[in-house]
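Q: First the structure, then my questions, so here it is.
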Amino acid sequence: TIKGFSEVTIKNYKSKLKNTSLYFIEQGVKPLNMNKKDINGWIIHQQYLNHQASSINVAVSRMKKLFDYIVDEVHLDTNPFTKVSRLPERIKEIHPLNDAEIKSIIEIARKHPFKHIGQRNVVILMIMLDCGLRVSEVTNLENKDVLTNQLIVRNSKNNKDRSVVISPMLKKELIKYERIKNKKYGKIYHNDISSPLLISSKG
């Protein structure tokens, strides 16, 4: 909180740090007495659990940040994670969806038995595919975030706002969704600019 991290980041840190703390508690290692040997044992334990090198590196970075804070607060003089080397990561070859696959996904979403849900799902998928938004960013969108040719993404990663361009195709689907949403639920959501852009089947 003091560092100004977003609520999502804090929640993630707390859940991940809890798992890490359980290991060190079982080993009888206290944070202020931790040394390089203890850390190496923890890393080997994660490898034994078949965790990927990339995941272990993220965990180490997370612990390094925690101990940076402990040093800043003058509970320790040095950070035991400073000299921990990153594990070599296997480079993954990412194959993006092709046009046919994207078209198939959108068509399946559109075939939902309830028109308003189907159109909402189409919009969700198109925003993610077209604008590269994360799930949490899509669910946090409000009516005021949809501008003429762009979306405003608020409180995204690193607690920053950013804007992304909307394609004419996505804009068309957004307009269609607004029309169906207003007809289904009334204009209460449309008139309130702070209302969620995407709403559940129960409103």
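If you're wondering about the labels, chains in the structure tokens are A, B, ... by order shown, residues count from 1 in each chain, ligands from 1 in order shown.
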Can you pull out every residue from chain A that DSSP, working from the backbone, puts in strand (DSSP E), and format the result as a list in words?
A: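 Matching residues for strand (DSSP E) in chain A are Gln150, Leu151, Ile152, Val153, Arg162, Ser163, Val164 and Val165 of chain A.
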Q: So that I can check the surroundings of Leu32 (chain A), please list as a PDB file with C-alpha atoms, in the first residue's frame every protein, DNA and RNA residue that reaches within 10 Å of it, counting only C-alpha atoms and ignoring chain neighbours fewer than 2 positions away.
A:
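The result, stored in result_9.pdb:
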```pdb
ATOM      1  CA  VAL A  29      13.645 -20.155   8.627  1.00  0.00           C
ATOM      2  CA  LYS A  30      12.716 -16.687   9.879  1.00  0.00           C
ATOM      3  CA  MET A  34      17.370 -15.840   5.804  1.00  0.00           C
ATOM      4  CA  ASN A  35      20.570 -16.497   3.852  1.00  0.00           C
ATOM      5  CA  PHE A  67      13.185  -7.622   1.141  1.00  0.00           C
ATOM      6  CA  ILE A  70      12.409  -4.646   4.704  1.00  0.00           C
ATOM      7  CA  HIS A  75      14.920  -4.171   9.691  1.00  0.00           C
ATOM      8  CA  LEU A  76      17.888  -5.557   7.700  1.00  0.00           C
ATOM      9  CA  ASP A  77      21.121  -4.073   6.378  1.00  0.00           C
ATOM     10  CA  ASN A  79      18.849  -7.916   0.904  1.00  0.00           C
ATOM     11  CA  PRO A  80      19.627 -11.684   0.792  1.00  0.00           C
TER      12      PRO A  80
END
```
Q: My list of candidates is A:Val122, A:Ile39, A:Leu170, A:Gln52. Which is closest to Ser21 (chain A) when distances are computed with only C-alpha atoms?
A: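 Answer, going by the shortest atom-to-atom distance: A:Ile39.
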Q: From the set A:Leu141, A:Ile199, A:Leu87, A:Cys131, which residue has the shortest atom-to-atom contact distance to Gln119 (chain A), counting only C-alpha atoms?
A: A:Ile199
Q: If we count only C-alpha atoms, what is near Leu151 (chain A) at a cut-off of 8 Å, once residues fewer than 3 positions away on the same chain are taken out, given as a short mmCIF file (atom, residue, chain, number, x, y, z; two decimals) with C-alpha atoms, in the first residue's frame?
A:
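What ended up in selection_30.cif:
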```cif
data_model
loop_
_atom_site.label_atom_id
_atom_site.label_comp_id
_atom_site.auth_asym_id
_atom_site.auth_seq_id
_atom_site.Cartn_x
_atom_site.Cartn_y
_atom_site.Cartn_z
CA ASP A 145 -14.53 4.77 -21.06
CA VAL A 146 -15.91 4.29 -24.58
CA LEU A 147 -15.00 7.30 -26.73
CA SER A 163 -6.02 4.52 -24.20
CA VAL A 164 -6.39 1.95 -26.97
CA VAL A 165 -7.75 2.42 -30.47
CA ILE A 166 -11.10 0.86 -31.41
#
```
Q: Using DSSP on the backbone, list every residue of region 70-99 of chain A that comes out as helix (DSSP H, G or I), and give them as a ChimeraX atom specification.
A: /A:70-72,99
Q: Can you spit out the residues from that selection as a PDB file, in the first residue's frame, using C-alpha atoms?
A:
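Generated file (selection_28.pdb):
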```pdb
ATOM      1  CA  ILE A  70      12.409  -4.646   4.704  1.00  0.00           C
ATOM      2  CA  VAL A  71      15.815  -3.006   4.118  1.00  0.00           C
ATOM      3  CA  ASP A  72      14.145   0.386   3.486  1.00  0.00           C
ATOM      4  CA  ASP A  99      -8.317 -14.939 -39.024  1.00  0.00           C
TER       5      ASP A  99
END
```
Q: Smallest atom-to-atom distance to Met169 (chain A): which of A:Glu142, A:Glu89, A:Asp130, A:Asp192, using only C-alpha atoms?
A: A:Asp130
Q: Calculated over only C-alpha atoms, which of the candidates A:Asn50, A:Leu129, A:Asn182, A:Thr78 has the smallest distance to Leu97 (chain A)?
A: A:Leu129
Q: Closest to Ser15 (chain A) among A:Lys144, A:Lys3, A:Lys181, A:Arg62, using only C-alpha atoms?
A: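 Under the stated criterion, the closest residue is A:Arg62.
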Q: Report, in Å with one decimal, the straight-line distance from CA of Ser55 (chain A) to CA of Ile127 (chain A).
A: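 Answer for the CA of Ser55 (chain A) to CA of Ile127 (chain A) separation: 27.4 Å.
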